[in-house]
Amino acid sequence: MSNQEFNIIDFGAQADTTQLQTATIQACIEACREAGGGQITIPVGRFLIGSLRLYSDMTLYLQEGAQLIGSTNYLDYEDFQVPTTITYANDAYYQNKWHLPPYYFYGLITAFQAENISIIGEPGAIIDGCDTYDANGEEQFRGPMGIVMSQVKHLQLIGYTMQNSANWAHCLDGCEHVLIERVTVQAGHDGFNLHHSQAIKVQNCHLETGDDCFAGYDIQHLQVTNCQLNTACNVFRVGGHQLVVDNCQIKGPGRYPHLSQDTYDTHALFKYYSIDADQMTPVEQDITFQDCLIDNIGKLIVYDFGNRDFMQINRPLDQINFKRTTINHLTQPSTVNGQCLTVSFEKTLIDFNSKQAFLTFKTPITLKLNEVTFKRPTTIMLAEGQQLTFDSQINLIVTK
């Protein structure tokens, strides 16, 4: 990557004006591209934009106090005809179900089929989607995404705050070797959508989202570490291979509302995602939560394999593990439907505050309890009606 720096002010960009700066900033980006790459610098100030497109070997660098503010007119955005790997967007069933427009993957900052891209913000750097309304958009109100990266290799997202995204804050599809560090997401919709992406590290991030913190299917080798997660929907609505959530604090209810439902409750820690309209890599589907604090959420697990409304109809979940984790103030029971599934709890404390069964398994599974402590009498229902009740530390393996 070139060491050259390109400051948007040198290309005519003006701060703190109500006039769009898309063309001048894009001119700066194009000059950087012609020079073989480099750094595009956004200085202090508010810069009003529509859609920007980045290319290989570029760093978009937001200095302290820099703000990229999205236009509130959805017509100021475009999708650059991004060749997304998310094929359900072209499926008639899902187009109708969610009212998906043909320009669904449009956003403030976009790149596709590129490599070596970084978006870096100093403290106080902000990207604001302004909740742009689009009556023709998803659900007949959602506007553009925040950041759309499709099939980008070696991607870094570091240090900035993304707020009020009119749809997903980050759409990263088909990306490889991704580092996300010290990114804050506030309000809006989903935090990170990671469909078909792999080799992803997310660390020291702070998410307070109106929709899922993390979403996506066919994800491989995801590690989420030292993050604070808060949502008015699901914390993880994901599927894939070797998904590990490590040393995270996960607390409900949501600080910001779910914009479709105007509710604040955190629905579930984990909702499986395996949509039928996309191809899936034939690998084990597994997720592990370890050394986490989970507090004041609804359900632990939402898994009903074969349920198209839940988008759990492609590859089944193979295992879900909880290790050295504290689960406090869990308020709603979980019903699990899926054969050949292993559910494992190891050195975990569980506080389930309900008279209903903590877990109800509708199909035969393997259940492992190793040094698990229940803070109050807790029931687990196995297939064929067998009931297990615990009120202290337990070690147990059940295959049934």
# chains A, B, ... in the order shown; residues from 1 in each chain; ligands from 1

call {"tool": "select_by_dssp", "arguments": {"residues": "segment 1-82 of chain A", "states": "strand (DSSP E or B)", "output": "PyMOL selection string"}}
result
chain A and resi 5-7+38-42+45-49+52-53+58-62+66-70

call {"tool": "residues_around", "arguments": {"residues": "Ile8 of chain A", "least_positions_apart": "3", "cutoff": "9 Å", "atoms": "only C-alpha atoms", "output": "ChimeraX atom specification"}}
result
/A:11-14,24-29,40-43

call {"tool": "residues_around", "arguments": {"residues": "segment 347-362 of chain A", "least_positions_apart": "4", "cutoff": "8 Å", "atoms": "only C-alpha atoms", "output": "PyMOL selection string"}}
result
chain A and resi 322-338+370-376+378-384

call {"tool": "write_last_selection", "arguments": {"atoms": "C-alpha atoms", "output": "PDB file, in the first residue's frame"}}
result
ATOM      1  CA  PHE A 322     -21.029 -22.887  27.477  1.00  0.00           C
ATOM      2  CA  LYS A 323     -17.751 -22.884  29.425  1.00  0.00           C
ATOM      3  CA  ARG A 324     -16.913 -20.991  32.625  1.00  0.00           C
ATOM      4  CA  THR A 325     -19.851 -18.687  32.029  1.00  0.00           C
ATOM      5  CA  THR A 326     -22.297 -16.959  34.377  1.00  0.00           C
ATOM      6  CA  ILE A 327     -25.914 -16.732  33.206  1.00  0.00           C
ATOM      7  CA  ASN A 328     -27.949 -14.440  35.473  1.00  0.00           C
ATOM      8  CA  HIS A 329     -31.617 -13.389  35.408  1.00  0.00           C
ATOM      9  CA  LEU A 330     -32.633 -15.530  32.455  1.00  0.00           C
ATOM     10  CA  THR A 331     -36.396 -15.036  32.214  1.00  0.00           C
ATOM     11  CA  GLN A 332     -37.833 -17.181  29.401  1.00  0.00           C
ATOM     12  CA  PRO A 333     -37.718 -20.929  28.666  1.00  0.00           C
ATOM     13  CA  SER A 334     -35.993 -22.311  25.582  1.00  0.00           C
ATOM     14  CA  THR A 335     -37.478 -25.051  23.412  1.00  0.00           C
ATOM     15  CA  VAL A 336     -34.901 -26.848  21.278  1.00  0.00           C
ATOM     16  CA  ASN A 337     -35.878 -28.922  18.246  1.00  0.00           C
ATOM     17  CA  GLY A 338     -33.068 -30.593  16.325  1.00  0.00           C
ATOM     18  CA  ASN A 370     -20.012 -30.667  34.079  1.00  0.00           C
ATOM     19  CA  GLU A 371     -19.690 -28.707  37.332  1.00  0.00           C
ATOM     20  CA  VAL A 372     -22.852 -26.731  36.623  1.00  0.00           C
ATOM     21  CA  THR A 373     -24.435 -24.783  39.476  1.00  0.00           C
ATOM     22  CA  PHE A 374     -28.134 -23.853  39.462  1.00  0.00           C
ATOM     23  CA  LYS A 375     -28.979 -20.956  41.809  1.00  0.00           C
ATOM     24  CA  ARG A 376     -32.562 -22.174  42.263  1.00  0.00           C
ATOM     25  CA  THR A 378     -34.404 -25.786  37.699  1.00  0.00           C
ATOM     26  CA  THR A 379     -36.054 -28.272  35.357  1.00  0.00           C
ATOM     27  CA  ILE A 380     -34.866 -29.640  32.025  1.00  0.00           C
ATOM     28  CA  MET A 381     -37.302 -31.634  29.874  1.00  0.00           C
ATOM     29  CA  LEU A 382     -35.849 -34.304  27.604  1.00  0.00           C
ATOM     30  CA  ALA A 383     -37.515 -35.874  24.589  1.00  0.00           C
ATOM     31  CA  GLU A 384     -40.369 -38.283  25.357  1.00  0.00           C
TER      32      GLU A 384
END

call {"tool": "closest_residue", "arguments": {"among": "A:Gln242, A:Gln290, A:Thr132, A:Asn395", "to": "Ile69 of chain A", "atoms": "only C-alpha atoms"}}
result
A:Thr132

call {"tool": "residues_around", "arguments": {"residues": "segment 48-53 of chain A", "least_positions_apart": "2", "cutoff": "10 Å", "atoms": "only C-alpha atoms", "output": "number ranges by chain"}}
result
A: 13-27, 29-30, 45-46, 55, 67-80, 106-112, 128-129, 144-149

call {"tool": "residues_around", "arguments": {"residues": "Asp173 of chain A", "least_positions_apart": "4", "cutoff": "7 Å", "atoms": "only C-alpha atoms", "output": "PyMOL selection string"}}
result
chain A and resi 84-86+149-151+194-197

call {"tool": "write_last_selection", "arguments": {"atoms": "C-alpha atoms", "output": "PDB file, in the first residue's frame"}}
result
ATOM      1  CA  THR A  84     -23.085  -9.629  -3.234  1.00  0.00           C
ATOM      2  CA  THR A  85     -22.712 -13.238  -2.109  1.00  0.00           C
ATOM      3  CA  ILE A  86     -26.013 -12.971  -0.188  1.00  0.00           C
ATOM      4  CA  MET A 149     -17.876  -4.655   2.172  1.00  0.00           C
ATOM      5  CA  SER A 150     -18.440  -7.508  -0.289  1.00  0.00           C
ATOM      6  CA  GLN A 151     -15.697 -10.059  -1.013  1.00  0.00           C
ATOM      7  CA  LEU A 194     -20.995 -11.575   8.417  1.00  0.00           C
ATOM      8  CA  HIS A 195     -22.588 -13.847   5.804  1.00  0.00           C
ATOM      9  CA  HIS A 196     -20.127 -16.210   4.043  1.00  0.00           C
ATOM     10  CA  SER A 197     -17.169 -14.503   5.738  1.00  0.00           C
TER      11      SER A 197
END

call {"tool": "closest_residue", "arguments": {"among": "A:Ala268, A:Pro364, A:Gln156, A:Ala277", "to": "Gln95 of chain A", "atoms": "only C-alpha atoms"}}
result
A:Ala277

call {"tool": "residues_around", "arguments": {"residues": "Glu176 of chain A", "least_positions_apart": "3", "cutoff": "8 Å", "atoms": "only C-alpha atoms", "output": "list in words"}}
result
Gln151, Val152, Lys153, His154, Leu155, Ser197, Gln198, Ala199 and Ile200 of chain A

call {"tool": "write_last_selection", "arguments": {"atoms": "all heavy atoms", "output": "PDB file, in the first residue's frame"}}
result
ATOM      1  N   GLN A 151     -16.832  -9.319  -0.455  1.00  0.00           N
ATOM      2  CA  GLN A 151     -15.697 -10.059  -1.013  1.00  0.00           C
ATOM      3  C   GLN A 151     -14.397  -9.251  -0.919  1.00  0.00           C
ATOM      4  O   GLN A 151     -13.659  -9.116  -1.885  1.00  0.00           O
ATOM      5  CB  GLN A 151     -15.987 -10.460  -2.457  1.00  0.00           C
ATOM      6  CG  GLN A 151     -17.264 -11.297  -2.593  1.00  0.00           C
ATOM      7  CD  GLN A 151     -17.830 -11.265  -3.991  1.00  0.00           C
ATOM      8  OE1 GLN A 151     -17.346 -11.990  -4.852  1.00  0.00           O
ATOM      9  NE2 GLN A 151     -18.835 -10.440  -4.229  1.00  0.00           N
ATOM     10  N   VAL A 152     -14.167  -8.706   0.257  1.00  0.00           N
ATOM     11  CA  VAL A 152     -12.947  -7.949   0.529  1.00  0.00           C
ATOM     12  C   VAL A 152     -12.015  -8.823   1.373  1.00  0.00           C
ATOM     13  O   VAL A 152     -12.432  -9.370   2.397  1.00  0.00           O
ATOM     14  CB  VAL A 152     -13.260  -6.633   1.257  1.00  0.00           C
ATOM     15  CG1 VAL A 152     -11.965  -5.930   1.663  1.00  0.00           C
ATOM     16  CG2 VAL A 152     -14.106  -5.722   0.371  1.00  0.00           C
ATOM     17  N   LYS A 153     -10.777  -8.926   0.968  1.00  0.00           N
ATOM     18  CA  LYS A 153      -9.772  -9.687   1.709  1.00  0.00           C
ATOM     19  C   LYS A 153      -8.839  -8.715   2.443  1.00  0.00           C
ATOM     20  O   LYS A 153      -8.433  -7.712   1.881  1.00  0.00           O
ATOM     21  CB  LYS A 153      -8.963 -10.565   0.764  1.00  0.00           C
ATOM     22  CG  LYS A 153      -9.789 -11.648   0.071  1.00  0.00           C
ATOM     23  CD  LYS A 153      -8.914 -12.498  -0.839  1.00  0.00           C
ATOM     24  CE  LYS A 153      -9.742 -13.587  -1.510  1.00  0.00           C
ATOM     25  NZ  LYS A 153      -8.908 -14.445  -2.410  1.00  0.00           N
ATOM     26  N   HIS A 154      -8.537  -9.072   3.693  1.00  0.00           N
ATOM     27  CA  HIS A 154      -7.665  -8.253   4.537  1.00  0.00           C
ATOM     28  C   HIS A 154      -8.308  -6.877   4.776  1.00  0.00           C
ATOM     29  O   HIS A 154      -7.896  -5.863   4.234  1.00  0.00           O
ATOM     30  CB  HIS A 154      -6.270  -8.112   3.927  1.00  0.00           C
ATOM     31  CG  HIS A 154      -5.614  -9.432   3.668  1.00  0.00           C
ATOM     32  ND1 HIS A 154      -5.132 -10.239   4.678  1.00  0.00           N
ATOM     33  CD2 HIS A 154      -5.399 -10.103   2.509  1.00  0.00           C
ATOM     34  CE1 HIS A 154      -4.633 -11.340   4.149  1.00  0.00           C
ATOM     35  NE2 HIS A 154      -4.783 -11.295   2.844  1.00  0.00           N
ATOM     36  N   LEU A 155      -9.312  -6.922   5.624  1.00  0.00           N
ATOM     37  CA  LEU A 155     -10.115  -5.750   5.963  1.00  0.00           C
ATOM     38  C   LEU A 155      -9.905  -5.410   7.429  1.00  0.00           C
ATOM     39  O   LEU A 155      -9.937  -6.284   8.294  1.00  0.00           O
ATOM     40  CB  LEU A 155     -11.600  -6.055   5.691  1.00  0.00           C
ATOM     41  CG  LEU A 155     -12.636  -5.030   6.168  1.00  0.00           C
ATOM     42  CD1 LEU A 155     -12.487  -3.721   5.408  1.00  0.00           C
ATOM     43  CD2 LEU A 155     -14.045  -5.602   6.001  1.00  0.00           C
ATOM     44  N   SER A 197     -18.491 -15.057   5.443  1.00  0.00           N
ATOM     45  CA  SER A 197     -17.169 -14.503   5.738  1.00  0.00           C
ATOM     46  C   SER A 197     -16.389 -15.444   6.646  1.00  0.00           C
ATOM     47  O   SER A 197     -16.962 -16.284   7.346  1.00  0.00           O
ATOM     48  CB  SER A 197     -17.301 -13.119   6.392  1.00  0.00           C
ATOM     49  OG  SER A 197     -17.810 -12.176   5.465  1.00  0.00           O
ATOM     50  N   GLN A 198     -15.061 -15.276   6.663  1.00  0.00           N
ATOM     51  CA  GLN A 198     -14.236 -16.191   7.438  1.00  0.00           C
ATOM     52  C   GLN A 198     -12.976 -15.506   7.942  1.00  0.00           C
ATOM     53  O   GLN A 198     -12.550 -14.478   7.410  1.00  0.00           O
ATOM     54  CB  GLN A 198     -13.863 -17.415   6.605  1.00  0.00           C
ATOM     55  CG  GLN A 198     -13.143 -17.133   5.310  1.00  0.00           C
ATOM     56  CD  GLN A 198     -12.879 -18.403   4.518  1.00  0.00           C
ATOM     57  OE1 GLN A 198     -12.259 -19.340   5.017  1.00  0.00           O
ATOM     58  NE2 GLN A 198     -13.383 -18.442   3.302  1.00  0.00           N
ATOM     59  N   ALA A 199     -12.395 -16.136   8.984  1.00  0.00           N
ATOM     60  CA  ALA A 199     -11.182 -15.627   9.631  1.00  0.00           C
ATOM     61  C   ALA A 199     -11.411 -14.193  10.123  1.00  0.00           C
ATOM     62  O   ALA A 199     -10.807 -13.241   9.639  1.00  0.00           O
ATOM     63  CB  ALA A 199      -9.989 -15.703   8.700  1.00  0.00           C
ATOM     64  N   ILE A 200     -12.310 -14.056  11.109  1.00  0.00           N
ATOM     65  CA  ILE A 200     -12.741 -12.752  11.609  1.00  0.00           C
ATOM     66  C   ILE A 200     -12.414 -12.649  13.092  1.00  0.00           C
ATOM     67  O   ILE A 200     -12.775 -13.528  13.884  1.00  0.00           O
ATOM     68  CB  ILE A 200     -14.262 -12.573  11.426  1.00  0.00           C
ATOM     69  CG1 ILE A 200     -14.680 -12.905   9.997  1.00  0.00           C
ATOM     70  CG2 ILE A 200     -14.700 -11.168  11.812  1.00  0.00           C
ATOM     71  CD1 ILE A 200     -16.102 -13.396   9.901  1.00  0.00           C
TER      72      ILE A 200
END

call {"tool": "closest_atom_pairs", "arguments": {"of": "segment 69-163 of chain A", "to": "segment 295-312 of chain A", "cutoff": "12 Å", "atoms": "only C-alpha atoms", "output": "CSV"}}
result
residue,atom,partner,partner_atom,distance
A:Tyr88,CA,A:Met311,CA,10.9
A:Tyr93,CA,A:Arg308,CA,10.6
A:Tyr94,CA,A:Asp309,CA,10.2
A:Lys97,CA,A:Asp309,CA,9.6
A:Trp98,CA,A:Asp309,CA,11.4

call {"tool": "closest_residue", "arguments": {"among": "A:Ile158, A:Leu229, A:Cys205, A:Val343", "to": "Gln249 of chain A", "atoms": "only C-alpha atoms"}}
result
A:Leu229

call {"tool": "decode", "arguments": {"residues": "segment 88-107 of chain A", "atoms": "N, CA, C and O atoms", "output": "PDB file, in the first residue's frame"}}
result
ATOM      1  N   TYR A  88     -30.072 -14.693  -1.016  1.00  0.00           N
ATOM      2  CA  TYR A  88     -31.486 -14.632  -0.678  1.00  0.00           C
ATOM      3  C   TYR A  88     -32.114 -13.318  -1.139  1.00  0.00           C
ATOM      4  O   TYR A  88     -33.336 -13.216  -1.294  1.00  0.00           O
ATOM      5  N   ALA A  89     -31.265 -12.294  -1.362  1.00  0.00           N
ATOM      6  CA  ALA A  89     -31.799 -11.013  -1.828  1.00  0.00           C
ATOM      7  C   ALA A  89     -32.445 -11.129  -3.202  1.00  0.00           C
ATOM      8  O   ALA A  89     -33.229 -10.254  -3.595  1.00  0.00           O
ATOM      9  N   ASN A  90     -32.114 -12.198  -3.929  1.00  0.00           N
ATOM     10  CA  ASN A  90     -32.708 -12.423  -5.253  1.00  0.00           C
ATOM     11  C   ASN A  90     -33.779 -13.507  -5.234  1.00  0.00           C
ATOM     12  O   ASN A  90     -34.257 -13.913  -6.292  1.00  0.00           O
ATOM     13  N   ASP A  91     -34.126 -13.984  -4.065  1.00  0.00           N
ATOM     14  CA  ASP A  91     -35.131 -15.035  -3.921  1.00  0.00           C
ATOM     15  C   ASP A  91     -36.512 -14.398  -3.734  1.00  0.00           C
ATOM     16  O   ASP A  91     -36.700 -13.558  -2.847  1.00  0.00           O
ATOM     17  N   ALA A  92     -37.470 -14.788  -4.545  1.00  0.00           N
ATOM     18  CA  ALA A  92     -38.789 -14.147  -4.539  1.00  0.00           C
ATOM     19  C   ALA A  92     -39.475 -14.258  -3.181  1.00  0.00           C
ATOM     20  O   ALA A  92     -40.163 -13.316  -2.747  1.00  0.00           O
ATOM     21  N   TYR A  93     -39.296 -15.389  -2.485  1.00  0.00           N
ATOM     22  CA  TYR A  93     -39.950 -15.571  -1.181  1.00  0.00           C
ATOM     23  C   TYR A  93     -39.472 -14.515  -0.195  1.00  0.00           C
ATOM     24  O   TYR A  93     -40.279 -13.869   0.483  1.00  0.00           O
ATOM     25  N   TYR A  94     -38.169 -14.320  -0.102  1.00  0.00           N
ATOM     26  CA  TYR A  94     -37.628 -13.379   0.865  1.00  0.00           C
ATOM     27  C   TYR A  94     -37.781 -11.931   0.392  1.00  0.00           C
ATOM     28  O   TYR A  94     -37.932 -11.018   1.220  1.00  0.00           O
ATOM     29  N   GLN A  95     -37.745 -11.710  -0.903  1.00  0.00           N
ATOM     30  CA  GLN A  95     -38.033 -10.365  -1.402  1.00  0.00           C
ATOM     31  C   GLN A  95     -39.420  -9.918  -0.965  1.00  0.00           C
ATOM     32  O   GLN A  95     -39.615  -8.775  -0.535  1.00  0.00           O
ATOM     33  N   ASN A  96     -40.370 -10.822  -1.062  1.00  0.00           N
ATOM     34  CA  ASN A  96     -41.741 -10.497  -0.671  1.00  0.00           C
ATOM     35  C   ASN A  96     -41.892 -10.436   0.849  1.00  0.00           C
ATOM     36  O   ASN A  96     -42.558  -9.533   1.389  1.00  0.00           O
ATOM     37  N   LYS A  97     -41.250 -11.356   1.553  1.00  0.00           N
ATOM     38  CA  LYS A  97     -41.381 -11.433   3.013  1.00  0.00           C
ATOM     39  C   LYS A  97     -40.885 -10.163   3.684  1.00  0.00           C
ATOM     40  O   LYS A  97     -41.514  -9.649   4.622  1.00  0.00           O
ATOM     41  N   TRP A  98     -39.756  -9.641   3.195  1.00  0.00           N
ATOM     42  CA  TRP A  98     -39.131  -8.492   3.846  1.00  0.00           C
ATOM     43  C   TRP A  98     -39.233  -7.204   3.019  1.00  0.00           C
ATOM     44  O   TRP A  98     -38.687  -6.179   3.431  1.00  0.00           O
ATOM     45  N   HIS A  99     -39.886  -7.279   1.879  1.00  0.00           N
ATOM     46  CA  HIS A  99     -40.010  -6.117   1.005  1.00  0.00           C
ATOM     47  C   HIS A  99     -38.621  -5.574   0.647  1.00  0.00           C
ATOM     48  O   HIS A  99     -38.291  -4.409   0.905  1.00  0.00           O
ATOM     49  N   LEU A 100     -37.812  -6.435   0.026  1.00  0.00           N
ATOM     50  CA  LEU A 100     -36.436  -6.063  -0.314  1.00  0.00           C
ATOM     51  C   LEU A 100     -36.396  -5.348  -1.660  1.00  0.00           C
ATOM     52  O   LEU A 100     -36.889  -5.865  -2.655  1.00  0.00           O
ATOM     53  N   PRO A 101     -35.792  -4.179  -1.718  1.00  0.00           N
ATOM     54  CA  PRO A 101     -35.678  -3.457  -2.991  1.00  0.00           C
ATOM     55  C   PRO A 101     -34.533  -4.026  -3.833  1.00  0.00           C
ATOM     56  O   PRO A 101     -33.629  -4.685  -3.299  1.00  0.00           O
ATOM     57  N   PRO A 102     -34.506  -3.784  -5.128  1.00  0.00           N
ATOM     58  CA  PRO A 102     -33.408  -4.291  -5.965  1.00  0.00           C
ATOM     59  C   PRO A 102     -32.059  -3.675  -5.630  1.00  0.00           C
ATOM     60  O   PRO A 102     -31.027  -4.246  -5.964  1.00  0.00           O
ATOM     61  N   TYR A 103     -32.056  -2.535  -4.954  1.00  0.00           N
ATOM     62  CA  TYR A 103     -30.810  -1.871  -4.568  1.00  0.00           C
ATOM     63  C   TYR A 103     -30.525  -2.093  -3.074  1.00  0.00           C
ATOM     64  O   TYR A 103     -29.922  -1.252  -2.410  1.00  0.00           O
ATOM     65  N   TYR A 104     -30.889  -3.247  -2.559  1.00  0.00           N
ATOM     66  CA  TYR A 104     -30.856  -3.544  -1.125  1.00  0.00           C
ATOM     67  C   TYR A 104     -29.511  -3.224  -0.475  1.00  0.00           C
ATOM     68  O   TYR A 104     -29.440  -2.650   0.602  1.00  0.00           O
ATOM     69  N   PHE A 105     -28.407  -3.564  -1.139  1.00  0.00           N
ATOM     70  CA  PHE A 105     -27.085  -3.389  -0.532  1.00  0.00           C
ATOM     71  C   PHE A 105     -26.469  -2.051  -0.945  1.00  0.00           C
ATOM     72  O   PHE A 105     -25.434  -1.987  -1.597  1.00  0.00           O
ATOM     73  N   TYR A 106     -27.151  -0.992  -0.574  1.00  0.00           N
ATOM     74  CA  TYR A 106     -26.597   0.346  -0.766  1.00  0.00           C
ATOM     75  C   TYR A 106     -26.230   0.923   0.594  1.00  0.00           C
ATOM     76  O   TYR A 106     -26.821   0.561   1.603  1.00  0.00           O
ATOM     77  N   GLY A 107     -25.210   1.775   0.634  1.00  0.00           N
ATOM     78  CA  GLY A 107     -24.761   2.244   1.933  1.00  0.00           C
ATOM     79  C   GLY A 107     -23.908   3.488   1.840  1.00  0.00           C
ATOM     80  O   GLY A 107     -23.673   4.039   0.760  1.00  0.00           O
TER      81      GLY A 107
END
